[in-house]
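These notes concern the structure reproduced below.
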Amino acid sequence: MTNLRPLAPELAEIARTELNEMPNRITDDLAALRSWLAKQPHLNPFNEDQFLVNFLRGCKYSLEKTKEKLDNYYTVKTAIPEFFDNRDPDNENLQKYMSFGVNLPLPHTLEMDGPRFMLVRMGAYDASKYSIVDVMKVCYMITDLLLVNDDTSIIAGHMVLVDLRDLSFACMSQFSPTFIKKMTSVIEAFPIRTKGIHFINPSSGFEALYKLFHGFLSKKIQDRIQVHESFEALHNVIPKKYLPEEYGGSGGRLEDIIADWRRQLIANREFFANDAKYRNDERKRPGKPKNASTLFGVEGSFRTLEFD
């Protein structure tokens, strides 16, 4: 008997038709995955049913892809300690970064079976004073909570809204090739599908920002990118009721959404302390160990991202 959250009927249907989930086989799927994990001396994964099923769902129940995804997830968390260590939400410095609201899951999804909206506001902090590393640390803290708690994110995916307002040269200058490679490796490691990217308020920095990331994007995701010159254009694609008031919508105020996520992060302090226990021991990996140097060295070619 598996210990899983019951799904809303709409999400259960997507899991069945799009992700190949067969409820009567989940127990066997978990047993096969755990059998493989037990034979991996370098892995020390969180082993609860819901967590592992979320990876199976994110990989459309391909056991081989799930193995690779789980290994990648813990490999990048081990290899990038600046993103994934020291994640105590009671830390005064981190709370400052939480208050910026750079990466915000919005409270309303696109209907009951639609993706979770993620609002990204890279101009929401002063890049001349604050570190992009800690900005991303808080972003990935939120993503980790969505991974374990939000069935919509896992099953229906994310629709990303990137607000380019107030994007500064200081912010763009923090994106070195190695840093971008680390960011995109983390994106690949999470079992969450990106269903589309909508750029809002393109500024003079948009073209430069797009060029920075363009080489990492697959043709599929490039085809899912839309640029909106105004809120009115955005509203033609995404109904106002899903958007915050500051974006012409009726989906709550940004300050309230930011405060709510700050509360959620602080309430999950025990989760982040427990998560720190689950990291790879690369000394035990069969074959060549994977570390920051081998994964993110500037030498070599970059991989193309595939989101779905």
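By order of appearance in the structure tokens: chains A, B, ..., then residues from 1 within every chain, and ligands from 1 in the order shown.
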
> Near Ile266 in chain A, within 12 Å and counting only C-alpha atoms, which residues show up once chain neighbours fewer than 4 positions away are dropped, as an MDAnalysis selection string?
Replying inline: chainID A and resid 87:92 94:95 98 138 141:142 145 259:262 270:273

How about saving the chosen residues, N, CA, C and O atoms kept, as a compact mmCIF listing (two decimals), in the first residue's frame?
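Contents of part_20.txt, as written:
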# COMPACT_ATOMS: atom_id res chain seq x y z
N ARG A 87 20.65 26.39 4.14
CA ARG A 87 19.33 26.87 3.71
C ARG A 87 18.36 27.00 4.89
O ARG A 87 17.20 26.59 4.81
N ASP A 88 18.83 27.59 5.96
CA ASP A 88 17.98 27.81 7.12
C ASP A 88 17.12 29.05 6.87
O ASP A 88 17.63 30.17 6.83
N PRO A 89 15.80 28.89 6.71
CA PRO A 89 14.96 30.06 6.42
C PRO A 89 14.85 31.04 7.57
O PRO A 89 14.32 32.14 7.39
N ASP A 90 15.34 30.66 8.76
CA ASP A 90 15.38 31.62 9.87
C ASP A 90 16.59 32.54 9.78
O ASP A 90 16.68 33.51 10.54
N ASN A 91 17.50 32.25 8.86
CA ASN A 91 18.68 33.08 8.70
C ASN A 91 18.28 34.48 8.24
O ASN A 91 17.53 34.65 7.28
N GLU A 92 18.80 35.49 8.94
CA GLU A 92 18.40 36.87 8.67
C GLU A 92 18.75 37.29 7.25
O GLU A 92 17.97 37.99 6.59
N LEU A 94 19.04 35.34 4.55
CA LEU A 94 18.13 34.68 3.60
C LEU A 94 16.75 35.31 3.62
O LEU A 94 16.09 35.42 2.59
N GLN A 95 16.30 35.72 4.79
CA GLN A 95 14.98 36.34 4.88
C GLN A 95 14.93 37.64 4.07
O GLN A 95 13.90 37.98 3.49
N MET A 98 14.31 36.51 0.63
CA MET A 98 12.93 36.05 0.49
C MET A 98 12.00 37.24 0.23
O MET A 98 11.00 37.12 -0.50
N VAL A 138 17.31 30.96 -2.76
CA VAL A 138 15.91 31.08 -2.33
C VAL A 138 14.98 30.54 -3.42
O VAL A 138 13.98 29.87 -3.12
N MET A 141 14.96 26.87 -3.05
CA MET A 141 14.23 26.47 -1.85
C MET A 141 12.74 26.37 -2.14
O MET A 141 12.06 25.41 -1.75
N ILE A 142 12.23 27.36 -2.86
CA ILE A 142 10.81 27.35 -3.24
C ILE A 142 10.52 26.18 -4.17
O ILE A 142 9.52 25.47 -4.00
N LEU A 145 10.18 22.96 -2.31
CA LEU A 145 8.89 22.81 -1.64
C LEU A 145 7.80 22.43 -2.64
O LEU A 145 6.93 21.60 -2.32
N ALA A 259 4.79 37.68 1.04
CA ALA A 259 4.70 37.40 2.48
C ALA A 259 4.26 35.96 2.74
O ALA A 259 4.76 35.30 3.67
N ASP A 260 3.32 35.47 1.92
CA ASP A 260 2.85 34.09 2.10
C ASP A 260 3.98 33.09 1.86
O ASP A 260 4.14 32.13 2.62
N TRP A 261 4.78 33.31 0.81
CA TRP A 261 5.88 32.38 0.54
C TRP A 261 6.97 32.50 1.58
O TRP A 261 7.63 31.50 1.93
N ARG A 262 7.18 33.67 2.11
CA ARG A 262 8.14 33.82 3.21
C ARG A 262 7.69 32.99 4.41
O ARG A 262 8.49 32.30 5.03
N GLU A 270 12.28 22.69 9.25
CA GLU A 270 12.67 21.30 9.51
C GLU A 270 12.90 20.54 8.20
O GLU A 270 13.81 19.71 8.10
N PHE A 271 12.09 20.84 7.18
CA PHE A 271 12.27 20.19 5.89
C PHE A 271 13.66 20.47 5.33
O PHE A 271 14.35 19.57 4.84
N PHE A 272 14.09 21.73 5.37
CA PHE A 272 15.39 22.09 4.80
C PHE A 272 16.54 21.51 5.61
O PHE A 272 17.57 21.11 5.04
N ALA A 273 16.37 21.43 6.93
CA ALA A 273 17.40 20.80 7.75
C ALA A 273 17.51 19.32 7.42
O ALA A 273 18.62 18.76 7.32

>> I'd like to know which residues of range 158-245 of chain A are helix (DSSP H, G or I) (by DSSP, run on the backbone); could you write them as JSON, numbers by chain?
In response: {"A": [169, 170, 171, 172, 177, 178, 179, 180, 181, 182, 183, 184, 185, 186, 187, 188, 189, 206, 207, 208, 209, 210, 211, 212, 213, 214, 219, 220, 221, 222, 231, 232, 233, 234, 235, 240, 241, 242, 245]}

>> Please determine, counting only C-alpha atoms, which residue among A:Tyr278, A:Ile154, A:Leu106, A:Gly215 has the shortest atom-to-atom distance to Glu245 in chain A.
In response: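 Under the stated criterion, the closest residue is A:Leu106.
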
Give me, as a compact mmCIF listing (two decimals) with N, CA and C atoms, in the first residue's frame, all polymer residues having an atom no more than 10 Å from Arg165 in chain A, counting only C-alpha atoms and skipping those fewer than 5 positions away in the same chain.
# COMPACT_ATOMS: atom_id res chain seq x y z
N ARG A 121 10.96 37.78 -11.43
CA ARG A 121 11.17 39.23 -11.47
C ARG A 121 12.64 39.52 -11.19
N MET A 122 13.49 39.40 -12.21
CA MET A 122 14.93 39.56 -12.01
C MET A 122 15.30 41.00 -11.67
N GLY A 123 14.42 41.94 -11.95
CA GLY A 123 14.70 43.34 -11.60
C GLY A 123 14.20 43.72 -10.22
N ALA A 124 13.78 42.73 -9.43
CA ALA A 124 13.19 43.02 -8.12
C ALA A 124 14.22 43.23 -7.02
N ILE A 200 7.58 39.50 -20.29
CA ILE A 200 6.75 40.69 -20.13
C ILE A 200 7.67 41.90 -19.98
N ASN A 201 7.22 43.04 -20.50
CA ASN A 201 7.97 44.29 -20.37
C ASN A 201 9.40 44.18 -20.90
N PRO A 202 9.57 43.74 -22.14
CA PRO A 202 10.93 43.64 -22.67
C PRO A 202 11.60 45.02 -22.70
N SER A 203 12.81 45.06 -22.19
CA SER A 203 13.55 46.31 -22.12
C SER A 203 14.75 46.22 -23.06
N SER A 204 15.62 47.20 -22.94
CA SER A 204 16.81 47.20 -23.78
C SER A 204 17.71 46.01 -23.48
N GLY A 205 17.55 45.42 -22.31
CA GLY A 205 18.37 44.28 -21.95
C GLY A 205 17.82 42.94 -22.39
N PHE A 206 16.63 42.93 -22.99
CA PHE A 206 16.01 41.66 -23.32
C PHE A 206 16.83 40.86 -24.32

> Taking into account only C-alpha atoms, which residue in the set A:Glu246, A:Ala12, A:Tyr61, A:Asn3 is nearest to Arg25 in chain A?
Replying inline: A:Tyr61
